$ cat my_file.pdb   # PDB, C-alpha atoms
ATOM      1  CA  MET N   1      17.788   9.324   0.417
ATOM      2  CA  ASN N   2      17.679   8.131  -3.153
ATOM      3  CA  ALA N   3      20.969   8.413  -4.992
ATOM      4  CA  THR N   4      22.860   7.252  -8.039
ATOM      5  CA  ILE N   5      26.566   6.569  -7.953
ATOM      6  CA  LEU N   6      27.726   7.392 -11.459
ATOM      7  CA  CYS N   7      31.197   6.105 -12.156
ATOM      8  CA  VAL N   8      33.709   5.265 -14.832
ATOM      9  CA  GLY N   9      34.746   1.685 -15.561
ATOM     10  CA  LYS N  10      33.811  -1.769 -14.386
ATOM     11  CA  LEU N  11      34.931  -3.262 -11.108
ATOM     12  CA  ARG N  12      37.572  -5.872 -11.775
ATOM     13  CA  GLU N  13      38.197  -7.050  -8.234
ATOM     14  CA  LYS N  14      35.706  -9.466  -6.681
ATOM     15  CA  TRP N  15      36.188  -7.981  -3.199
ATOM     16  CA  GLN N  16      35.222  -4.531  -4.526
ATOM     17  CA  GLN N  17      32.107  -5.988  -6.143
ATOM     18  CA  ALA N  18      31.237  -7.779  -2.905
ATOM     19  CA  GLY N  19      31.779  -4.591  -0.892
ATOM     20  CA  CYS N  20      29.508  -2.584  -3.180
ATOM     21  CA  GLU N  21      26.809  -5.266  -3.067
ATOM     22  CA  GLU N  22      26.975  -5.406   0.726
ATOM     23  CA  TYR N  23      26.625  -1.652   1.200
ATOM     24  CA  LEU N  24      23.890  -1.383  -1.429
ATOM     25  CA  LYS N  25      22.001  -4.062   0.523
ATOM     26  CA  ARG N  26      22.478  -2.170   3.789
ATOM     27  CA  LEU N  27      21.472   1.132   2.205
ATOM     28  CA  SER N  28      18.261  -0.336   0.769
ATOM     29  CA  ARG N  29      16.464   0.204   4.082
ATOM     30  CA  TYR N  30      17.071   3.963   3.801
ATOM     31  CA  GLY N  31      16.230   4.601   0.167
ATOM     32  CA  ARG N  32      16.979   3.595  -3.384
ATOM     33  CA  TYR N  33      20.669   3.569  -4.232
ATOM     34  CA  GLU N  34      22.043   2.422  -7.563
ATOM     35  CA  ILE N  35      25.348   2.279  -9.379
ATOM     36  CA  VAL N  36      25.575   3.306 -13.017
ATOM     37  CA  ALA N  37      28.927   2.703 -14.703
ATOM     38  CA  VAL N  38      30.052   4.106 -18.036
ATOM     39  CA  ASP N  39      32.912   2.719 -20.102
ATOM     40  CA  ASP N  40      36.374   3.972 -19.323
ATOM     41  CA  ALA N  41      38.637   5.298 -22.037
ATOM     42  CA  ARG N  42      41.872   3.430 -22.486
ATOM     43  CA  ASP N  43      44.914   5.237 -21.210
ATOM     44  CA  PRO N  44      47.189   6.274 -24.065
ATOM     45  CA  GLU N  45      50.390   4.298 -24.608
ATOM     46  CA  LYS N  46      52.367   7.471 -23.953
ATOM     47  CA  PRO N  47      50.914   9.618 -21.171
ATOM     48  CA  VAL N  48      50.938  12.852 -23.168
ATOM     49  CA  PRO N  49      48.753  15.491 -21.470
ATOM     50  CA  ALA N  50      46.695  16.127 -24.621
ATOM     51  CA  LEU N  51      45.871  12.424 -25.004
ATOM     52  CA  ILE N  52      45.010  12.067 -21.319
ATOM     53  CA  ARG N  53      42.716  15.091 -21.576
ATOM     54  CA  GLN N  54      41.110  13.555 -24.679
ATOM     55  CA  ALA N  55      40.429  10.305 -22.782
ATOM     56  CA  MET N  56      38.962  12.248 -19.848
ATOM     57  CA  GLU N  57      36.706  14.202 -22.197
ATOM     58  CA  LYS N  58      35.478  10.973 -23.799
ATOM     59  CA  GLU N  59      34.560   9.654 -20.349
ATOM     60  CA  GLY N  60      32.998  13.037 -19.563
ATOM     61  CA  VAL N  61      30.676  12.791 -22.561
ATOM     62  CA  ALA N  62      29.496   9.379 -21.358
ATOM     63  CA  LEU N  63      28.980  10.698 -17.815
ATOM     64  CA  MET N  64      27.070  13.769 -18.999
ATOM     65  CA  ARG N  65      24.671  11.537 -20.960
ATOM     66  CA  GLN N  66      23.615   9.976 -17.650
ATOM     67  CA  ILE N  67      23.057  13.282 -15.845
ATOM     68  CA  ARG N  68      19.609  14.837 -16.086
ATOM     69  CA  PRO N  69      19.131  18.622 -16.206
ATOM     70  CA  ASN N  70      17.521  18.757 -12.750
ATOM     71  CA  ASP N  71      19.929  16.383 -10.956
ATOM     72  CA  CYS N  72      21.842  17.447  -7.869
ATOM     73  CA  VAL N  73      25.354  16.507  -8.978
ATOM     74  CA  VAL N  74      28.074  15.849  -6.408
ATOM     75  CA  CYS N  75      31.520  15.302  -7.930
ATOM     76  CA  LEU N  76      34.138  13.482  -5.919
ATOM     77  CA  CYS N  77      37.484  15.199  -6.324
ATOM     78  CA  VAL N  78      40.509  16.102  -4.266
ATOM     79  CA  GLN N  79      40.002  19.849  -4.802
ATOM     80  CA  ALA N  80      37.051  20.104  -2.429
ATOM     81  CA  ASP N  81      36.117  20.217   1.217
ATOM     82  CA  ALA N  82      36.495  16.951   3.131
ATOM     83  CA  PRO N  83      33.725  16.858   5.735
ATOM     84  CA  ASP N  84      33.700  14.583   8.739
ATOM     85  CA  SER N  85      31.021  11.884   8.948
ATOM     86  CA  VAL N  86      28.540  14.005  10.901
ATOM     87  CA  ARG N  87      28.847  16.882   8.441
ATOM     88  CA  LEU N  88      28.446  14.474   5.509
ATOM     89  CA  SER N  89      25.213  13.212   7.084
ATOM     90  CA  GLU N  90      23.989  16.815   7.316
ATOM     91  CA  LEU N  91      24.926  17.507   3.693
ATOM     92  CA  THR N  92      23.268  14.355   2.370
ATOM     93  CA  GLY N  93      20.172  15.242   4.382
ATOM     94  CA  GLU N  94      20.075  18.690   2.761
ATOM     95  CA  TRP N  95      20.525  17.186  -0.695
ATOM     96  CA  ALA N  96      17.788  14.617  -0.045
ATOM     97  CA  ARG N  97      15.341  17.295   1.138
ATOM     98  CA  ASP N  98      16.021  19.273  -2.038
ATOM     99  CA  GLY N  99      13.840  16.730  -3.862
ATOM    100  CA  ARG N 100      16.123  16.260  -6.851
ATOM    101  CA  ARG N 101      17.873  13.026  -7.770
ATOM    102  CA  VAL N 102      21.307  13.053  -6.124
ATOM    103  CA  VAL N 103      24.096  11.831  -8.384
ATOM    104  CA  PHE N 104      27.558  11.182  -6.965
ATOM    105  CA  VAL N 105      30.143  11.170  -9.765
ATOM    106  CA  ILE N 106      33.418   9.220  -9.502
ATOM    107  CA  GLY N 107      35.856   9.760 -12.349
ATOM    108  CA  GLY N 108      38.213   7.326 -13.959
ATOM    109  CA  SER N 109      41.903   6.887 -13.262
ATOM    110  CA  ASN N 110      42.680  10.373 -14.583
ATOM    111  CA  GLY N 111      39.861  12.147 -12.783
ATOM    112  CA  LEU N 112      36.954  14.190 -14.115
ATOM    113  CA  CYS N 113      37.024  16.504 -17.101
ATOM    114  CA  ASP N 114      36.260  20.213 -16.742
ATOM    115  CA  GLU N 115      32.771  19.904 -18.276
ATOM    116  CA  VAL N 116      31.636  17.446 -15.595
ATOM    117  CA  LEU N 117      33.219  19.523 -12.823
ATOM    118  CA  ARG N 118      31.436  22.655 -14.121
ATOM    119  CA  ARG N 119      28.123  20.761 -14.000
ATOM    120  CA  ALA N 120      28.630  19.880 -10.342
ATOM    121  CA  ASP N 121      26.328  21.476  -7.800
ATOM    122  CA  HIS N 122      28.738  20.336  -5.077
ATOM    123  CA  ARG N 123      32.241  18.925  -4.837
ATOM    124  CA  LEU N 124      33.220  16.438  -2.184
ATOM    125  CA  SER N 125      36.573  15.060  -1.083
ATOM    126  CA  PHE N 126      37.267  12.142   1.205
ATOM    127  CA  SER N 127      40.999  12.782   1.487
ATOM    128  CA  ASN N 128      43.987  14.416  -0.129
ATOM    129  CA  LEU N 129      45.117  10.892  -0.897
ATOM    130  CA  THR N 130      44.444   9.267  -4.255
ATOM    131  CA  PHE N 131      42.308   6.109  -4.234
ATOM    132  CA  PRO N 132      41.689   3.628  -7.053
ATOM    133  CA  HIS N 133      38.283   4.484  -8.485
ATOM    134  CA  GLY N 134      36.975   0.957  -7.772
ATOM    135  CA  LEU N 135      37.892   1.291  -4.122
ATOM    136  CA  MET N 136      36.357   4.765  -4.028
ATOM    137  CA  ARG N 137      32.960   3.223  -4.829
ATOM    138  CA  VAL N 138      33.184   1.056  -1.720
ATOM    139  CA  ILE N 139      34.361   3.987   0.402
ATOM    140  CA  LEU N 140      31.570   6.235  -0.876
ATOM    141  CA  LEU N 141      28.891   3.607  -0.246
ATOM    142  CA  GLU N 142      30.228   2.956   3.255
ATOM    143  CA  GLN N 143      30.194   6.670   4.042
ATOM    144  CA  LEU N 144      26.659   7.047   2.671
ATOM    145  CA  TYR N 145      25.581   4.144   4.879
ATOM    146  CA  ARG N 146      27.237   5.805   7.869
ATOM    147  CA  ALA N 147      25.523   9.112   7.003
ATOM    148  CA  GLU N 148      22.131   7.392   6.838
ATOM    149  CA  ARG N 149      22.704   5.766  10.249
ATOM    150  CA  ILE N 150      23.717   9.090  11.776
ATOM    151  CA  ARG N 151      20.652  10.859  10.365
ATOM    152  CA  ALA N 152      18.431   8.046  11.643
ATOM    153  CA  GLY N 153      19.914   8.424  15.130
ATOM    154  CA  GLU N 154      21.374   4.925  15.040
ATOM    155  CA  ARG N 155      24.730   3.866  16.434
ATOM    156  CA  TYR N 156      27.748   4.062  14.231
ATOM    157  CA  HIS N 157      31.446   3.427  14.706
ATOM    158  CA  LYS N 158      33.330   6.644  15.489
TER     159      LYS N 158
END
$ encode --input "my_file.pdb" --output "structure tokens"
Amino acid sequence: MNATILCVGKLREKWQQAGCEEYLKRLSRYGRYEIVAVDDARDPEKPVPALIRQAMEKEGVALMRQIRPNDCVVCLCVQADAPDSVRLSELTGEWARDGRRVVFVIGGSNGLCDEVLRRADHRLSFSNLTFPHGLMRVILLEQLYRAERIRAGERYHK
């Protein structure tokens, strides 16, 4: 599969950067995977809902600029089905066969704005828990690697 991981903000932790690099290297034998990061909006001094929404919308504009009209967009959010690894491998296989560029979207610390969620062709959850968005990149890449191994009929840790 060829996919873009579109996300908000830069990775600040070296271990997260190393984890992403490692899984991108592993995934390279299955297709072309890339990470595209847009700038995050600063959280307001006072977490007023209107200001948080404004920051999310600013990030949303930057994300939408990276999404092409024909992309298959998969937004990561809590309000979605959480498949097991085998089902995720089936889903990614379906998306790959569709022939469109697959774009996985990870929001910033406040999530994704409504415009980006409306653009989604699919929504995907990994848990009801909240993860730091930098860590979510590593988790997503690991799960995509696992999905590729499952589809290829290779061994994977259960």
$ atom_distance --input "my_file.pdb" --atom1 "CA of Asp121 in chain N" --atom2 "CA of Ala62 in chain N"
18.4 Å
$ closest_atom_pairs --input "my_file.pdb" --of "range 53-103 of chain N" --to "range 149-157 of chain N" --cutoff "8 Å" --atoms "all atoms listed in the file" --output "CSV"
residue,atom,partner,partner_atom,distance
N:Val86,CA,N:Ile150,CA,6.9
N:Ser89,CA,N:Arg151,CA,6.1
N:Glu90,CA,N:Arg151,CA,7.5
N:Gly93,CA,N:Arg151,CA,7.4
$ closest_residue --input "my_file.pdb" --among "N:Val138, N:Ala147, N:Ala80, N:Ile35" --to "Glu13 in chain N" --atoms "all atoms listed in the file"
N:Val138
$ residues_around --input "my_file.pdb" --residues "Gln16 in chain N" --least-positions-apart "4" --cutoff "12 Å" --atoms "all atoms listed in the file" --output "PyMOL selection string"
chain N and resi 10-12+20-23+132-142
$ atom_distance --input "my_file.pdb" --atom1 "CA of Leu112 in chain N" --atom2 "CA of Asn70 in chain N"
20.0 Å
$ resolve_selection --input "my_file.pdb" --expression "the PyMOL selection byres ((chain N and resi 69) around 12)" --output "MDAnalysis selection string"
chainID N and resid 64:68 70:73 100:103 119:121
$ write_last_selection --input "my_file.pdb" --atoms "C-alpha atoms" --output "short mmCIF file (atom, residue, chain, number, x, y, z; two decimals), keeping the file's coordinate frame"
data_model
loop_
_atom_site.label_atom_id
_atom_site.label_comp_id
_atom_site.auth_asym_id
_atom_site.auth_seq_id
_atom_site.Cartn_x
_atom_site.Cartn_y
_atom_site.Cartn_z
CA MET N 64 27.07 13.77 -19.00
CA ARG N 65 24.67 11.54 -20.96
CA GLN N 66 23.62 9.98 -17.65
CA ILE N 67 23.06 13.28 -15.84
CA ARG N 68 19.61 14.84 -16.09
CA ASN N 70 17.52 18.76 -12.75
CA ASP N 71 19.93 16.38 -10.96
CA CYS N 72 21.84 17.45 -7.87
CA VAL N 73 25.35 16.51 -8.98
CA ARG N 100 16.12 16.26 -6.85
CA ARG N 101 17.87 13.03 -7.77
CA VAL N 102 21.31 13.05 -6.12
CA VAL N 103 24.10 11.83 -8.38
CA ARG N 119 28.12 20.76 -14.00
CA ALA N 120 28.63 19.88 -10.34
CA ASP N 121 26.33 21.48 -7.80
#
$ resolve_selection --input "my_file.pdb" --expression "the PyMOL selection byres ((chain N and resi 58) around 12)" --output "PyMOL selection string"
chain N and resi 8+38-43+51-57+59-65+107-108+110-116
$ closest_residue --input "my_file.pdb" --among "N:Ile5, N:Leu27, N:Val105, N:Val78" --to "Glu148 in chain N" --atoms "all atoms listed in the file"
N:Leu27
$ atom_distance --input "my_file.pdb" --atom1 "CA of Ser28 in chain N" --atom2 "CA of Thr92 in chain N"
15.6 Å
$ axis_aligned_box --input "my_file.pdb" --around "range 28-41 of chain N" --padding-each-side "6 Å" --output "AutoDock Vina command-line options"
--center_x 27.4 --center_y 2.5 --center_z -9.0 --size_x 34.4 --size_y 17.6 --size_z 38.1
$ resolve_selection --input "my_file.pdb" --expression "the PyMOL selection byres ((chain N and resi 75) around 7)" --output "VMD selection string"
chain N and resid 73 to 74 76 to 77 104 to 106 117 120 122 to 124
$ closest_residue --input "my_file.pdb" --among "N:Lys14, N:Gly31, N:Glu45, N:Leu129" --to "Leu144 in chain N" --atoms "all atoms listed in the file"
N:Gly31
$ residues_near_point --input "my_file.pdb" --point "(40.6, 11.9, 3.6)" --cutoff "10 Å" --atoms "all atoms listed in the file" --output "PyMOL selection string"
chain N and resi 78+81-84+125-131
$ decode --input "my_file.pdb" --residues "range 108-127 of chain N" --atoms "N, CA, C and O atoms" --output "PDB file, in the first residue's frame"
ATOM      1  N   GLY N 108      -4.222  17.392  16.127  1.00  0.00           N
ATOM      2  CA  GLY N 108      -3.367  17.932  17.176  1.00  0.00           C
ATOM      3  C   GLY N 108      -3.898  17.574  18.550  1.00  0.00           C
ATOM      4  O   GLY N 108      -4.757  16.696  18.707  1.00  0.00           O
ATOM      5  N   SER N 109      -3.439  18.280  19.555  1.00  0.00           N
ATOM      6  CA  SER N 109      -3.791  17.946  20.932  1.00  0.00           C
ATOM      7  C   SER N 109      -5.276  18.127  21.227  1.00  0.00           C
ATOM      8  O   SER N 109      -5.789  17.529  22.172  1.00  0.00           O
ATOM      9  N   ASN N 110      -5.967  18.910  20.418  1.00  0.00           N
ATOM     10  CA  ASN N 110      -7.403  19.113  20.630  1.00  0.00           C
ATOM     11  C   ASN N 110      -8.268  18.311  19.667  1.00  0.00           C
ATOM     12  O   ASN N 110      -9.478  18.412  19.686  1.00  0.00           O
ATOM     13  N   GLY N 111      -7.640  17.525  18.823  1.00  0.00           N
ATOM     14  CA  GLY N 111      -8.399  16.703  17.886  1.00  0.00           C
ATOM     15  C   GLY N 111      -8.522  17.334  16.514  1.00  0.00           C
ATOM     16  O   GLY N 111      -7.739  18.214  16.146  1.00  0.00           O
ATOM     17  N   LEU N 112      -9.511  16.862  15.761  1.00  0.00           N
ATOM     18  CA  LEU N 112      -9.738  17.329  14.391  1.00  0.00           C
ATOM     19  C   LEU N 112     -10.992  18.187  14.325  1.00  0.00           C
ATOM     20  O   LEU N 112     -11.995  17.881  14.979  1.00  0.00           O
ATOM     21  N   CYS N 113     -10.937  19.223  13.509  1.00  0.00           N
ATOM     22  CA  CYS N 113     -12.101  20.091  13.357  1.00  0.00           C
ATOM     23  C   CYS N 113     -13.172  19.384  12.512  1.00  0.00           C
ATOM     24  O   CYS N 113     -12.906  18.395  11.827  1.00  0.00           O
ATOM     25  N   ASP N 114     -14.374  19.920  12.562  1.00  0.00           N
ATOM     26  CA  ASP N 114     -15.509  19.315  11.858  1.00  0.00           C
ATOM     27  C   ASP N 114     -15.288  19.225  10.352  1.00  0.00           C
ATOM     28  O   ASP N 114     -15.688  18.245   9.727  1.00  0.00           O
ATOM     29  N   GLU N 115     -14.651  20.225   9.751  1.00  0.00           N
ATOM     30  CA  GLU N 115     -14.433  20.215   8.301  1.00  0.00           C
ATOM     31  C   GLU N 115     -13.593  19.007   7.879  1.00  0.00           C
ATOM     32  O   GLU N 115     -13.902  18.339   6.895  1.00  0.00           O
ATOM     33  N   VAL N 116     -12.545  18.714   8.618  1.00  0.00           N
ATOM     34  CA  VAL N 116     -11.690  17.570   8.291  1.00  0.00           C
ATOM     35  C   VAL N 116     -12.462  16.274   8.511  1.00  0.00           C
ATOM     36  O   VAL N 116     -12.406  15.363   7.676  1.00  0.00           O
ATOM     37  N   LEU N 117     -13.208  16.185   9.600  1.00  0.00           N
ATOM     38  CA  LEU N 117     -13.991  14.978   9.868  1.00  0.00           C
ATOM     39  C   LEU N 117     -15.058  14.754   8.791  1.00  0.00           C
ATOM     40  O   LEU N 117     -15.321  13.615   8.405  1.00  0.00           O
ATOM     41  N   ARG N 118     -15.664  15.827   8.293  1.00  0.00           N
ATOM     42  CA  ARG N 118     -16.652  15.687   7.206  1.00  0.00           C
ATOM     43  C   ARG N 118     -16.001  15.191   5.923  1.00  0.00           C
ATOM     44  O   ARG N 118     -16.622  14.497   5.130  1.00  0.00           O
ATOM     45  N   ARG N 119     -14.741  15.542   5.709  1.00  0.00           N
ATOM     46  CA  ARG N 119     -14.025  15.118   4.495  1.00  0.00           C
ATOM     47  C   ARG N 119     -13.634  13.648   4.543  1.00  0.00           C
ATOM     48  O   ARG N 119     -13.372  13.020   3.516  1.00  0.00           O
ATOM     49  N   ALA N 120     -13.630  13.072   5.716  1.00  0.00           N
ATOM     50  CA  ALA N 120     -13.169  11.691   5.885  1.00  0.00           C
ATOM     51  C   ALA N 120     -14.046  10.710   5.114  1.00  0.00           C
ATOM     52  O   ALA N 120     -15.274  10.785   5.149  1.00  0.00           O
ATOM     53  N   ASP N 121     -13.387   9.785   4.423  1.00  0.00           N
ATOM     54  CA  ASP N 121     -14.091   8.659   3.817  1.00  0.00           C
ATOM     55  C   ASP N 121     -14.314   7.573   4.865  1.00  0.00           C
ATOM     56  O   ASP N 121     -15.269   6.801   4.778  1.00  0.00           O
ATOM     57  N   HIS N 122     -13.409   7.515   5.837  1.00  0.00           N
ATOM     58  CA  HIS N 122     -13.465   6.512   6.903  1.00  0.00           C
ATOM     59  C   HIS N 122     -12.945   7.148   8.185  1.00  0.00           C
ATOM     60  O   HIS N 122     -12.109   8.049   8.150  1.00  0.00           O
ATOM     61  N   ARG N 123     -13.436   6.625   9.304  1.00  0.00           N
ATOM     62  CA  ARG N 123     -12.916   7.016  10.612  1.00  0.00           C
ATOM     63  C   ARG N 123     -12.399   5.755  11.288  1.00  0.00           C
ATOM     64  O   ARG N 123     -12.994   4.692  11.157  1.00  0.00           O
ATOM     65  N   LEU N 124     -11.322   5.920  12.018  1.00  0.00           N
ATOM     66  CA  LEU N 124     -10.646   4.783  12.622  1.00  0.00           C
ATOM     67  C   LEU N 124     -10.234   5.143  14.048  1.00  0.00           C
ATOM     68  O   LEU N 124      -9.704   6.229  14.281  1.00  0.00           O
ATOM     69  N   SER N 125     -10.492   4.227  14.960  1.00  0.00           N
ATOM     70  CA  SER N 125     -10.066   4.414  16.347  1.00  0.00           C
ATOM     71  C   SER N 125      -9.149   3.269  16.737  1.00  0.00           C
ATOM     72  O   SER N 125      -9.319   2.143  16.278  1.00  0.00           O
ATOM     73  N   PHE N 126      -8.187   3.558  17.576  1.00  0.00           N
ATOM     74  CA  PHE N 126      -7.321   2.520  18.112  1.00  0.00           C
ATOM     75  C   PHE N 126      -7.668   2.214  19.556  1.00  0.00           C
ATOM     76  O   PHE N 126      -7.189   1.233  20.108  1.00  0.00           O
ATOM     77  N   SER N 127      -8.467   3.067  20.184  1.00  0.00           N
ATOM     78  CA  SER N 127      -8.817   2.866  21.585  1.00  0.00           C
ATOM     79  C   SER N 127      -9.736   3.989  22.028  1.00  0.00           C
ATOM     80  O   SER N 127      -9.786   5.052  21.394  1.00  0.00           O
TER      81      SER N 127
END
